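Below is run-v3.cif, holding mmCIF, C-alpha atoms.
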```cif
data_protein
#
loop_
_atom_site.label_atom_id
_atom_site.label_comp_id
_atom_site.auth_asym_id
_atom_site.auth_seq_id
_atom_site.Cartn_x
_atom_site.Cartn_y
_atom_site.Cartn_z
CA MET A 1 108.89 167.35 148.10
CA GLY A 2 109.13 168.99 144.70
CA GLU A 3 106.51 170.35 142.32
CA ILE A 4 108.26 169.96 138.95
CA THR A 5 106.32 168.36 136.12
CA ASN A 6 107.57 164.87 135.35
CA VAL A 7 109.38 164.24 132.06
CA PRO A 8 110.19 160.80 130.65
CA ILE A 9 113.42 158.94 131.23
CA LYS A 10 115.87 159.86 128.49
CA ASN A 11 115.00 157.78 125.43
CA ARG A 12 118.62 157.04 124.57
CA LEU A 13 119.25 155.63 128.04
CA ALA A 14 116.09 153.54 127.80
CA GLU A 15 117.45 152.15 124.53
CA MET A 16 120.75 151.34 126.29
CA HIS A 17 119.03 149.49 129.14
CA THR A 18 119.97 146.00 127.94
CA GLU A 19 123.55 147.04 127.24
CA ILE A 20 124.02 148.68 130.64
CA THR A 21 122.41 145.69 132.35
CA GLY A 22 125.00 143.50 130.63
CA TRP A 23 127.80 145.63 132.06
CA ARG A 24 126.22 145.46 135.51
CA ARG A 25 125.85 141.69 135.51
CA ASP A 26 129.40 141.21 134.27
CA LEU A 27 130.61 143.30 137.20
CA HIS A 28 128.41 141.29 139.54
CA GLU A 29 129.93 138.02 138.33
CA ASN A 30 133.45 139.36 138.87
CA PRO A 31 133.49 141.22 142.20
CA GLU A 32 136.67 142.75 143.59
CA ILE A 33 137.32 143.94 147.13
CA LEU A 34 138.69 147.24 148.49
CA TYR A 35 141.55 148.57 146.32
CA GLU A 36 141.94 145.32 144.37
CA THR A 37 139.51 146.49 141.68
CA HIS A 38 142.00 145.86 138.88
CA ARG A 39 139.65 144.14 136.43
CA THR A 40 136.79 146.52 137.23
CA SER A 41 138.97 149.60 136.88
CA ALA A 42 140.40 148.37 133.58
CA LEU A 43 136.91 147.64 132.26
CA VAL A 44 135.67 151.10 133.29
CA ALA A 45 138.67 152.82 131.68
CA GLU A 46 138.21 150.81 128.48
CA ARG A 47 134.53 151.74 128.26
CA LEU A 48 135.23 155.43 128.86
CA LYS A 49 137.81 155.44 126.08
CA GLU A 50 135.34 153.68 123.75
CA PHE A 51 132.74 156.34 124.55
CA GLY A 52 135.13 159.05 123.42
CA CYS A 53 135.77 160.77 126.75
CA ASP A 54 138.17 163.67 126.33
CA GLU A 55 140.45 162.33 129.03
CA VAL A 56 140.63 159.05 130.96
CA VAL A 57 142.94 158.87 133.97
CA THR A 58 143.66 155.76 136.02
CA GLY A 59 145.47 155.27 139.31
CA ILE A 60 143.77 158.10 141.21
CA GLY A 61 143.45 156.81 144.77
CA ARG A 62 145.44 153.70 143.78
CA THR A 63 142.84 152.05 141.52
CA GLY A 64 140.33 154.84 140.92
CA VAL A 65 139.35 155.93 137.40
CA VAL A 66 138.31 159.39 136.21
CA GLY A 67 136.74 160.34 132.88
CA VAL A 68 136.44 163.90 131.58
CA ILE A 69 133.62 164.81 129.19
CA LYS A 70 133.51 168.31 127.74
CA GLY A 71 130.25 169.86 126.60
CA LYS A 72 129.69 171.53 123.25
CA ALA A 73 130.59 174.82 124.94
CA ASP A 74 132.48 176.00 128.02
CA THR A 75 131.54 179.64 128.53
CA ARG A 76 131.49 179.63 132.35
CA GLY A 77 134.10 177.05 133.28
CA ALA A 78 131.58 174.97 135.23
CA VAL A 79 132.66 171.46 136.30
CA ILE A 80 130.46 168.81 137.95
CA GLY A 81 131.62 165.49 139.38
CA LEU A 82 129.50 162.31 139.33
CA ARG A 83 130.78 159.53 141.59
CA ALA A 84 130.24 155.76 141.56
CA ASP A 85 131.77 153.16 143.90
CA MET A 86 133.22 149.98 142.36
CA ASP A 87 134.19 147.59 145.17
CA ALA A 88 132.41 144.51 146.50
CA LEU A 89 132.19 142.90 149.94
CA PRO A 90 134.16 139.96 151.41
CA MET A 91 131.19 137.59 151.72
CA GLN A 92 129.77 134.54 149.98
CA GLU A 93 126.84 135.05 147.62
CA GLN A 94 123.72 132.89 148.10
CA THR A 95 121.40 134.14 145.34
CA GLY A 96 121.68 131.21 142.92
CA LEU A 97 121.37 133.67 140.02
CA ASP A 98 122.84 133.03 136.58
CA HIS A 99 125.04 136.09 137.05
CA ALA A 100 126.06 135.23 140.63
CA SER A 101 129.62 135.86 141.77
CA LYS A 102 132.27 133.58 140.32
CA THR A 103 134.75 134.62 143.01
CA PRO A 104 134.58 132.66 146.27
CA GLY A 105 134.27 134.92 149.28
CA ALA A 106 133.46 138.07 147.30
CA MET A 107 130.07 139.50 146.38
CA HIS A 108 128.46 142.71 145.17
CA ALA A 109 126.07 142.80 148.13
CA CYS A 110 125.71 146.59 148.23
CA GLY A 111 124.90 147.39 144.60
CA HIS A 112 128.16 149.07 143.65
CA ASP A 113 127.99 147.09 140.41
CA GLY A 114 124.75 148.93 139.67
CA HIS A 115 126.12 152.31 140.66
CA THR A 116 129.13 151.84 138.37
CA ALA A 117 126.95 150.68 135.47
CA MET A 118 124.56 153.63 135.85
CA VAL A 119 127.34 156.22 135.79
CA LEU A 120 128.90 154.42 132.80
CA GLY A 121 125.54 154.68 131.05
CA ALA A 122 125.36 158.40 131.80
CA ALA A 123 128.96 158.81 130.58
CA LYS A 124 128.16 157.15 127.26
CA TYR A 125 125.07 159.31 126.78
CA LEU A 126 126.91 162.54 127.68
CA SER A 127 129.83 161.63 125.40
CA GLU A 128 127.40 161.14 122.51
CA THR A 129 125.25 164.23 123.03
CA ARG A 130 127.54 166.86 124.63
CA ASN A 131 124.41 168.92 125.17
CA PHE A 132 125.77 171.02 128.03
CA ASP A 133 127.97 174.05 128.67
CA GLY A 134 130.85 172.98 130.88
CA THR A 135 132.65 169.79 131.89
CA ALA A 136 131.36 166.55 133.43
CA VAL A 137 133.82 164.47 135.43
CA VAL A 138 132.82 160.85 136.08
CA ILE A 139 134.54 159.38 139.14
CA PHE A 140 134.85 155.63 139.74
CA GLN A 141 136.07 154.95 143.24
CA PRO A 142 137.54 151.83 144.87
CA ALA A 143 137.39 150.81 148.52
CA GLU A 144 134.16 152.38 149.73
CA GLU A 145 133.53 149.34 151.93
CA GLY A 146 135.91 150.13 154.74
CA GLY A 147 138.93 151.35 152.80
CA ASN A 148 138.11 155.07 152.50
CA GLY A 149 138.74 155.09 148.77
CA ALA A 150 137.04 158.48 148.44
CA GLU A 151 139.56 159.96 150.86
CA ALA A 152 142.42 158.35 148.91
CA MET A 153 141.18 159.91 145.66
CA CYS A 154 140.85 163.32 147.32
CA LYS A 155 144.35 163.05 148.76
CA ASP A 156 145.58 162.34 145.23
CA GLY A 157 144.26 165.75 144.23
CA LEU A 158 141.00 164.68 142.58
CA MET A 159 139.08 167.91 143.12
CA ASP A 160 141.82 170.39 142.22
CA ARG A 161 143.32 168.38 139.36
CA PHE A 162 140.02 168.20 137.50
CA GLY A 163 138.62 171.52 138.72
CA ILE A 164 135.51 169.94 140.24
CA GLN A 165 133.15 172.53 141.73
CA GLU A 166 130.26 170.31 142.83
CA VAL A 167 130.02 166.56 143.33
CA TYR A 168 127.06 164.15 143.42
CA ALA A 169 126.48 160.47 144.15
CA MET A 170 123.65 157.95 144.43
CA HIS A 171 122.98 154.75 146.39
CA ASN A 172 120.26 152.16 145.98
CA VAL A 173 118.03 151.36 148.97
CA PRO A 174 116.15 148.05 149.38
CA GLY A 175 112.69 148.50 150.84
CA LEU A 176 112.14 151.85 149.13
CA PRO A 177 109.74 151.40 146.18
CA THR A 178 111.42 150.65 142.86
CA GLY A 179 112.58 153.89 141.24
CA GLN A 180 111.58 156.14 144.16
CA PHE A 181 114.08 158.90 144.94
CA ALA A 182 114.72 160.20 148.46
CA ILE A 183 117.01 162.90 149.84
CA ARG A 184 117.37 165.36 152.70
CA PRO A 185 119.55 168.44 153.30
CA GLY A 186 122.17 168.44 156.02
CA PRO A 187 123.31 165.27 157.82
CA LEU A 188 122.09 162.10 156.11
CA LEU A 189 124.51 159.29 157.02
CA ALA A 190 126.59 159.03 160.15
CA ALA A 191 130.24 159.35 161.01
CA ALA A 192 131.49 155.83 161.71
CA ASP A 193 134.38 155.34 164.12
CA THR A 194 135.83 152.24 165.78
CA PHE A 195 137.38 151.52 169.15
CA GLU A 196 139.40 148.72 170.69
CA ILE A 197 139.91 148.33 174.44
CA ALA A 198 142.77 146.14 175.69
CA LEU A 199 142.21 145.18 179.34
CA GLU A 200 144.84 143.78 181.65
CA GLY A 201 144.17 142.21 185.05
CA ARG A 202 145.71 139.40 187.04
CA GLY A 203 144.81 135.88 185.99
CA GLY A 204 144.43 132.90 188.27
CA HIS A 205 142.40 129.90 189.31
CA ALA A 206 138.62 130.19 189.10
CA ALA A 207 138.39 128.71 192.60
CA LYS A 208 140.39 131.66 194.02
CA PRO A 209 138.87 134.82 192.48
CA HIS A 210 140.01 136.91 195.47
CA GLU A 211 143.61 136.40 194.36
CA THR A 212 142.91 137.74 190.86
CA VAL A 213 141.90 140.92 189.07
CA ASP A 214 139.10 139.44 187.01
CA THR A 215 139.15 140.87 183.46
CA THR A 216 135.89 139.10 182.60
CA VAL A 217 133.97 140.99 185.28
CA MET A 218 135.89 144.18 184.43
CA MET A 219 135.03 143.79 180.75
CA SER A 220 131.36 143.14 181.50
CA GLN A 221 131.04 146.26 183.62
CA ILE A 222 132.80 148.38 181.00
CA ILE A 223 130.44 147.13 178.26
CA VAL A 224 127.45 148.19 180.37
CA GLY A 225 129.15 151.43 181.39
CA LEU A 226 129.77 152.45 177.78
CA GLN A 227 126.02 152.71 177.26
CA THR A 228 125.85 155.54 179.79
CA ILE A 229 127.80 157.77 177.40
CA VAL A 230 124.77 158.01 175.14
CA SER A 231 122.11 157.73 177.84
CA ARG A 232 123.66 160.16 180.33
CA ASN A 233 126.26 162.32 178.53
CA ALA A 234 124.81 162.90 175.07
CA ASP A 235 122.05 165.38 174.27
CA PRO A 236 118.97 163.13 173.85
CA THR A 237 117.78 165.22 170.90
CA LEU A 238 120.90 164.25 168.93
CA GLN A 239 121.51 160.83 167.43
CA ALA A 240 124.40 158.68 168.61
CA VAL A 241 125.06 154.95 168.88
CA VAL A 242 127.83 153.15 170.79
CA SER A 243 127.83 149.45 169.93
CA VAL A 244 130.10 146.77 171.38
CA THR A 245 130.47 144.19 168.64
CA SER A 246 133.19 141.90 170.00
CA ALA A 247 134.30 140.83 173.47
CA GLU A 248 136.83 138.09 174.18
CA THR A 249 139.17 136.95 176.92
CA SER A 250 142.63 135.43 176.71
CA SER A 251 141.43 132.09 178.09
CA LYS A 252 138.74 129.67 176.95
CA ALA A 253 139.18 127.28 179.88
CA PHE A 254 136.41 126.62 182.41
CA ASN A 255 138.66 126.95 185.45
CA VAL A 256 140.87 129.91 184.52
CA ILE A 257 140.25 133.58 185.25
CA PRO A 258 141.89 135.25 182.24
CA GLN A 259 144.78 137.66 182.45
CA SER A 260 143.54 139.93 179.65
CA ALA A 261 140.49 140.75 177.55
CA THR A 262 139.67 142.77 174.44
CA VAL A 263 136.53 144.74 173.60
CA ARG A 264 135.79 146.17 170.15
CA GLY A 265 132.99 148.28 168.81
CA THR A 266 131.76 151.18 166.73
CA VAL A 267 130.57 154.73 167.37
CA ARG A 268 128.12 156.44 165.02
CA THR A 269 127.13 160.09 165.22
CA HIS A 270 125.53 162.81 163.14
CA SER A 271 127.44 165.84 164.41
CA GLY A 272 131.06 166.75 164.94
CA ALA A 273 130.39 167.91 168.50
CA MET A 274 128.75 164.60 169.43
CA ARG A 275 131.60 162.69 167.81
CA ASP A 276 134.13 164.63 169.91
CA LEU A 277 132.12 164.13 173.10
CA ILE A 278 131.89 160.36 172.75
CA GLU A 279 135.58 159.97 171.96
CA VAL A 280 136.54 162.05 175.01
CA ARG A 281 134.14 160.29 177.39
CA LEU A 282 135.13 156.84 176.17
CA ASN A 283 138.79 157.63 176.83
CA GLU A 284 137.93 159.00 180.29
CA LEU A 285 135.45 156.36 181.41
CA VAL A 286 137.15 153.12 180.39
CA PRO A 287 140.55 153.56 182.13
CA ALA A 288 138.77 154.80 185.28
CA MET A 289 136.49 151.77 185.39
CA ALA A 290 139.40 149.40 184.80
CA ALA A 291 141.39 151.08 187.58
CA SER A 292 138.48 150.68 189.97
CA PHE A 293 138.86 146.91 189.57
CA GLY A 294 142.64 147.07 189.97
CA GLY A 295 143.31 146.60 186.28
CA THR A 296 144.41 148.74 183.35
CA ALA A 297 142.88 149.63 180.00
CA LYS A 298 144.40 150.89 176.76
CA VAL A 299 141.88 152.53 174.43
CA THR A 300 142.55 152.79 170.70
CA TYR A 301 140.01 155.07 169.00
CA GLU A 302 140.07 155.30 165.19
CA ARG A 303 138.05 157.87 163.30
CA GLY A 304 136.48 156.51 160.13
CA VAL A 305 134.24 158.27 157.64
CA PRO A 306 132.84 161.66 158.68
CA VAL A 307 129.17 162.61 158.62
CA THR A 308 127.66 162.69 155.13
CA ILE A 309 126.30 166.24 154.91
CA ASN A 310 124.27 167.38 151.90
CA ALA A 311 124.73 171.05 151.00
CA PRO A 312 121.39 172.94 151.00
CA GLU A 313 121.50 174.43 147.48
CA GLN A 314 122.83 171.27 145.85
CA THR A 315 120.24 169.15 147.67
CA VAL A 316 117.39 171.28 146.32
CA PHE A 317 118.80 170.95 142.82
CA ALA A 318 119.31 167.17 143.11
CA GLU A 319 115.73 166.85 144.33
CA GLU A 320 114.37 168.91 141.43
CA VAL A 321 116.14 166.67 138.92
CA ALA A 322 114.91 163.57 140.75
CA VAL A 323 111.32 164.79 140.40
CA GLU A 324 111.89 165.52 136.71
CA VAL A 325 113.25 162.03 136.09
CA GLY A 326 111.28 159.87 138.51
CA GLY A 327 108.09 161.83 139.17
CA SER A 328 108.64 162.34 142.90
CA CYS A 329 111.26 162.63 145.60
CA VAL A 330 110.46 161.93 149.25
CA GLU A 331 112.33 162.95 152.37
CA ALA A 332 115.02 160.44 153.31
CA PRO A 333 115.41 159.56 157.00
CA MET A 334 118.69 160.10 158.80
CA VAL A 335 120.40 156.73 159.21
CA MET A 336 123.38 155.53 161.21
CA GLY A 337 125.19 153.79 158.35
CA GLY A 338 128.38 155.41 157.08
CA GLU A 339 129.44 156.41 153.55
CA ASP A 340 132.89 157.58 152.50
CA PHE A 341 131.45 159.94 149.87
CA SER A 342 131.44 162.26 152.89
CA PHE A 343 135.16 162.89 152.27
CA MET A 344 134.31 164.34 148.85
CA LEU A 345 131.50 166.43 150.35
CA GLU A 346 134.01 167.89 152.83
CA GLU A 347 136.03 169.20 149.87
CA ARG A 348 133.21 170.36 147.59
CA PRO A 349 129.49 171.13 147.99
CA GLY A 350 127.21 168.44 146.64
CA ALA A 351 124.56 165.90 147.53
CA PHE A 352 124.02 162.19 148.09
CA ILE A 353 120.66 160.85 146.91
CA VAL A 354 119.10 157.40 147.30
CA LEU A 355 117.03 155.40 144.80
CA GLY A 356 114.59 152.63 145.68
CA ASN A 357 115.72 149.08 144.86
CA GLY A 358 112.24 147.68 145.55
CA ASP A 359 111.46 144.58 147.56
CA SER A 360 114.92 143.02 147.56
CA ALA A 361 117.09 141.51 150.26
CA GLY A 362 118.86 144.12 152.36
CA LEU A 363 122.27 145.59 151.68
CA HIS A 364 125.16 143.35 152.79
CA HIS A 365 122.84 140.31 152.74
CA PRO A 366 124.02 137.16 150.88
CA GLU A 367 120.77 137.07 148.87
CA TYR A 368 120.88 140.72 147.76
CA ASP A 369 120.92 141.70 144.09
CA PHE A 370 120.76 145.10 142.41
CA ASN A 371 117.44 145.75 140.66
CA ASP A 372 118.18 146.27 136.95
CA GLU A 373 114.81 147.97 136.47
CA ILE A 374 116.16 151.16 138.03
CA ILE A 375 119.15 151.49 135.67
CA PRO A 376 117.52 153.91 133.17
CA ILE A 377 116.19 156.01 136.06
CA GLY A 378 119.55 156.29 137.78
CA SER A 379 121.50 156.91 134.57
CA SER A 380 118.97 159.56 133.52
CA TRP A 381 119.33 161.34 136.85
CA PHE A 382 123.13 161.52 136.49
CA ALA A 383 122.87 162.76 132.90
CA GLN A 384 120.12 165.26 133.69
CA MET A 385 122.14 166.64 136.59
CA VAL A 386 124.80 167.66 134.09
CA GLU A 387 122.43 169.02 131.43
CA ARG A 388 120.31 170.99 133.92
CA ARG A 389 123.19 172.32 136.02
CA MET A 390 125.21 173.37 132.97
CA PRO A 391 122.56 174.08 130.29
CA ALA A 392 123.70 174.59 126.72
CA ALA A 393 122.83 177.92 125.15
#
```
Can the structure from this file be put into structure tokens for me?
Amino acid sequence: MGEITNVPIKNRLAEMHTEITGWRRDLHENPEILYETHRTSALVAERLKEFGCDEVVTGIGRTGVVGVIKGKADTRGAVIGLRADMDALPMQEQTGLDHASKTPGAMHACGHDGHTAMVLGAAKYLSETRNFDGTAVVIFQPAEEGGNGAEAMCKDGLMDRFGIQEVYAMHNVPGLPTGQFAIRPGPLLAAADTFEIALEGRGGHAAKPHETVDTTVMMSQIIVGLQTIVSRNADPTLQAVVSVTSAETSSKAFNVIPQSATVRGTVRTHSGAMRDLIEVRLNELVPAMAASFGGTAKVTYERGVPVTINAPEQTVFAEEVAVEVGGSCVEAPMVMGGEDFSFMLEERPGAFIVLGNGDSAGLHHPEYDFNDEIIPIGSSWFAQMVERRMPAA
């Protein structure tokens, strides 16, 4: 993909590599979860003010931070948003690194420390140079890991308040060669929903199953039956996954048939129609199966992040800049992981690109660490997106 002649990483950002790495490792040592990014948000706001951003606003989406950087001209009123996620995961780090987490039970295992540092680097460069015609808005978001922080920022009026017309984001990917960009138009990451099924039967003695309505058997049949939604109801050319991730009964005794049971899981899809189909079929199938055993079922279905859909024009542009900065951009596969940047893409056209983290542990693994080698590449891509999309006269 892409035929644009490669140009070097921006020299100024290469010079800032050590400084940005320092910011990244400080964030890694001090991870914060969901909306509790108080130290991180304060650090980001302080840096943006030091850089000379024209406006720094905190408290968007509870603990989100926004910086506004105006170019040397503004003849067309163009505004581009660049988003980074700030939150960590509730897990224990096992890297043994000098900059390992100092907070028990919290770890930057997804590279949000790197994403934040790269956008900060781009913000410093853009504040120094101002070599564009328009306005760059840098967005630092809390609660990407399960808290829908992007949605919270949008509900606080992010797009309209700052006049954002297009919005872009990046994520590192372990296993993709160091510094290799990848993107695709249309659906990239999946909608991620959750369900909980509360089953009620009639408990009793394990020696007298005929006097009971056995929720363990009921639960087992429902777990198997759920797989028929994808295998027999869904179009096989479309991607969908129904995963049961938890199943438990109300009794742990050897000689008791439990009165109740609970099943939990996740649904991942790449189209709105498929998402609707699975929700409807799950709500139809489960109560019917429970009733066939003489029991009852209450289904709670919660919609999470929507499908991450890259707009065609913005994807082409993001790819062109990736080739300029990194030399190449390959086609990214569709994956079933979810990303709440999709809420921003529902409000404004834009694109989500990925950048290779090299041969590191996988995301959400206790031995993962962000690869600092890719910092100048990522920061250059963010900065070049602004300068190329809103070129100065």
Q. Smallest atom-to-atom distance to Thr269 of chain A: which of A:Thr308, A:Ser292, A:Thr228, A:Ser101, using all atoms listed in the file?
A. A:Thr308
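Distance annotation: of A:Leu238, A:Val68, A:Ala88, A:Ile164, the residue with the minimal separation from Val138 of chain A is A:Val68; atom set is all atoms listed in the file.
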Q. Hey, what's within 10 Å of segment 311-321 of chain A if we count all atoms listed in the file and toss same-chain stuff fewer than 4 positions away? As a PyMOL selection string, please?
A. chain A and resi 1-7+166-169+181-187+325-331+345-346+348-353+380-386+388-389
Go ahead and write the selection's residues with C-alpha atoms as an mmCIF file, in the frame of the given file.
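Full text of part35.cif as output:
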```
data_model
loop_
_atom_site.group_PDB
_atom_site.id
_atom_site.type_symbol
_atom_site.label_atom_id
_atom_site.label_comp_id
_atom_site.auth_asym_id
_atom_site.auth_seq_id
_atom_site.Cartn_x
_atom_site.Cartn_y
_atom_site.Cartn_z
ATOM 1 C CA MET A 1 108.890 167.350 148.100
ATOM 2 C CA GLY A 2 109.130 168.990 144.700
ATOM 3 C CA GLU A 3 106.510 170.350 142.320
ATOM 4 C CA ILE A 4 108.260 169.960 138.950
ATOM 5 C CA THR A 5 106.320 168.360 136.120
ATOM 6 C CA ASN A 6 107.570 164.870 135.350
ATOM 7 C CA VAL A 7 109.380 164.240 132.060
ATOM 8 C CA GLU A 166 130.260 170.310 142.830
ATOM 9 C CA VAL A 167 130.020 166.560 143.330
ATOM 10 C CA TYR A 168 127.060 164.150 143.420
ATOM 11 C CA ALA A 169 126.480 160.470 144.150
ATOM 12 C CA PHE A 181 114.080 158.900 144.940
ATOM 13 C CA ALA A 182 114.720 160.200 148.460
ATOM 14 C CA ILE A 183 117.010 162.900 149.840
ATOM 15 C CA ARG A 184 117.370 165.360 152.700
ATOM 16 C CA PRO A 185 119.550 168.440 153.300
ATOM 17 C CA GLY A 186 122.170 168.440 156.020
ATOM 18 C CA PRO A 187 123.310 165.270 157.820
ATOM 19 C CA VAL A 325 113.250 162.030 136.090
ATOM 20 C CA GLY A 326 111.280 159.870 138.510
ATOM 21 C CA GLY A 327 108.090 161.830 139.170
ATOM 22 C CA SER A 328 108.640 162.340 142.900
ATOM 23 C CA CYS A 329 111.260 162.630 145.600
ATOM 24 C CA VAL A 330 110.460 161.930 149.250
ATOM 25 C CA GLU A 331 112.330 162.950 152.370
ATOM 26 C CA LEU A 345 131.500 166.430 150.350
ATOM 27 C CA GLU A 346 134.010 167.890 152.830
ATOM 28 C CA ARG A 348 133.210 170.360 147.590
ATOM 29 C CA PRO A 349 129.490 171.130 147.990
ATOM 30 C CA GLY A 350 127.210 168.440 146.640
ATOM 31 C CA ALA A 351 124.560 165.900 147.530
ATOM 32 C CA PHE A 352 124.020 162.190 148.090
ATOM 33 C CA ILE A 353 120.660 160.850 146.910
ATOM 34 C CA SER A 380 118.970 159.560 133.520
ATOM 35 C CA TRP A 381 119.330 161.340 136.850
ATOM 36 C CA PHE A 382 123.130 161.520 136.490
ATOM 37 C CA ALA A 383 122.870 162.760 132.900
ATOM 38 C CA GLN A 384 120.120 165.260 133.690
ATOM 39 C CA MET A 385 122.140 166.640 136.590
ATOM 40 C CA VAL A 386 124.800 167.660 134.090
ATOM 41 C CA ARG A 388 120.310 170.990 133.920
ATOM 42 C CA ARG A 389 123.190 172.320 136.020
#
```
Q | Distance of atom CA of Ala78 of chain A from atom CA of Asp133 of chain A, expressed in Å to one decimal place | A | 7.5 Å
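Between atom CA of Glu324 of chain A and atom CA of Met16 of chain A there is a distance of 19.7 Å.
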Could you produce a table of the residues of segment 104-150 of chain A lying within 12 Å of segment 192-209 of chain A, with the nearest pair of atoms per residue and their separation in Å rounded to one decimal, using all atoms listed in the file, ordered by chain and increasing residue number, as JSON lines?
```
{"residue": "A:Glu145", "atom": "CA", "partner": "A:Ala192", "partner_atom": "CA", "distance": 11.9}
{"residue": "A:Gly146", "atom": "CA", "partner": "A:Ala192", "partner_atom": "CA", "distance": 10.0}
{"residue": "A:Asn148", "atom": "CA", "partner": "A:Ala192", "partner_atom": "CA", "distance": 11.4}
```
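Considering the residues A:Leu285, A:Leu43, A:Ala247, A:Met344 and counting all atoms listed in the file, Cys154 of chain A has its shortest atom-to-atom contact with A:Met344.
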Q: Please identify all polymer residues within 10 Å of segment 37-41 of chain A, counting only C-alpha atoms, omitting same-chain residues fewer than 2 positions from it, and present them as a count of residues only.
A: 29
(Q) So that I can see what lies close to Ala123 of chain A, please list as an MDAnalysis selection string the residues with an atom at most 9 Å from it, counting all atoms listed in the file and leaving out residues fewer than 6 positions away in the same chain. (A) chainID A and resid 48 51 53 67 69 136:138 379 382:383
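Nearest residue to Arg83 of chain A among A:Trp23, A:Phe341, A:Tyr368, A:Tyr301 is A:Phe341, counting only C-alpha atoms.
Atom CA of Gly105 of chain A sits 21.8 Å away from atom CA of Thr245 of chain A.
Closest approach to Gly294 of chain A among A:Ala392, A:Met159, A:Val213, A:His171: A:Val213, based on all atoms listed in the file.
With only C-alpha atoms as the atoms that count, the minimum distance from Asn371 of chain A to the choices A:Pro391, A:Pro306, A:Pro333, A:Gly175 is reached by A:Gly175.
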(Q) Once the PyMOL selection byres ((chain A and resi 180) around 6) is applied to the coordinates I shared, what remains selected? I want it as number ranges by chain. (A) A: 177-179, 181, 355-356
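Look at Val307 of chain A: the protein and nucleic acid residues within 7 Å of it, using all atoms listed in the file and passing over chain neighbours fewer than 4 places away, are Pro187, Leu189, Ala190, Ala191, His270, Ser271 and Ser342 of chain A.
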For the residues in that selection, give me C-alpha atoms as a PDB file, keeping the file's coordinate frame.
```pdb
ATOM      1  CA  PRO A 187     123.310 165.270 157.820  1.00  0.00           C
ATOM      2  CA  LEU A 189     124.510 159.290 157.020  1.00  0.00           C
ATOM      3  CA  ALA A 190     126.590 159.030 160.150  1.00  0.00           C
ATOM      4  CA  ALA A 191     130.240 159.350 161.010  1.00  0.00           C
ATOM      5  CA  HIS A 270     125.530 162.810 163.140  1.00  0.00           C
ATOM      6  CA  SER A 271     127.440 165.840 164.410  1.00  0.00           C
ATOM      7  CA  SER A 342     131.440 162.260 152.890  1.00  0.00           C
TER       8      SER A 342
END
```
**Q.** Exercise: Lys102 of chain A partners within 7 Å, only C-alpha atoms, chain neighbours under 2 positions left out, as number ranges by chain
**A.** A: 29-30, 100, 104
Using the selection just defined, write its residues with C-alpha atoms as an mmCIF file, keeping the file's coordinate frame.
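As written to disk, result-v3.cif reads:
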```cif
data_model
loop_
_atom_site.group_PDB
_atom_site.id
_atom_site.type_symbol
_atom_site.label_atom_id
_atom_site.label_comp_id
_atom_site.auth_asym_id
_atom_site.auth_seq_id
_atom_site.Cartn_x
_atom_site.Cartn_y
_atom_site.Cartn_z
ATOM 1 C CA GLU A 29 129.930 138.020 138.330
ATOM 2 C CA ASN A 30 133.450 139.360 138.870
ATOM 3 C CA ALA A 100 126.060 135.230 140.630
ATOM 4 C CA PRO A 104 134.580 132.660 146.270
#
```
What would segment 79-88 of chain A look like with N, CA and C atoms in place, written as a short mmCIF file (atom, residue, chain, number, x, y, z; two decimals), in the frame of the given file?
```
data_model
loop_
_atom_site.label_atom_id
_atom_site.label_comp_id
_atom_site.auth_asym_id
_atom_site.auth_seq_id
_atom_site.Cartn_x
_atom_site.Cartn_y
_atom_site.Cartn_z
N VAL A 79 132.23 172.86 136.27
CA VAL A 79 132.66 171.46 136.30
C VAL A 79 131.88 170.73 137.39
N ILE A 80 131.23 169.62 137.01
CA ILE A 80 130.46 168.81 137.95
C ILE A 80 131.02 167.40 138.00
N GLY A 81 131.16 166.85 139.20
CA GLY A 81 131.62 165.49 139.38
C GLY A 81 130.48 164.54 139.70
N LEU A 82 130.49 163.36 139.08
CA LEU A 82 129.50 162.31 139.33
C LEU A 82 130.27 161.08 139.81
N ARG A 83 129.99 160.61 141.00
CA ARG A 83 130.78 159.53 141.59
C ARG A 83 130.03 158.21 141.67
N ALA A 84 130.74 157.12 141.37
CA ALA A 84 130.24 155.76 141.56
C ALA A 84 131.28 154.97 142.33
N ASP A 85 130.85 154.05 143.19
CA ASP A 85 131.77 153.16 143.90
C ASP A 85 131.82 151.81 143.18
N MET A 86 133.00 151.17 143.19
CA MET A 86 133.22 149.98 142.36
C MET A 86 133.42 148.69 143.16
N ASP A 87 133.74 148.77 144.45
CA ASP A 87 134.19 147.59 145.17
C ASP A 87 133.05 146.75 145.72
N ALA A 88 133.36 145.47 145.96
CA ALA A 88 132.41 144.51 146.50
C ALA A 88 132.74 144.23 147.97
#
```
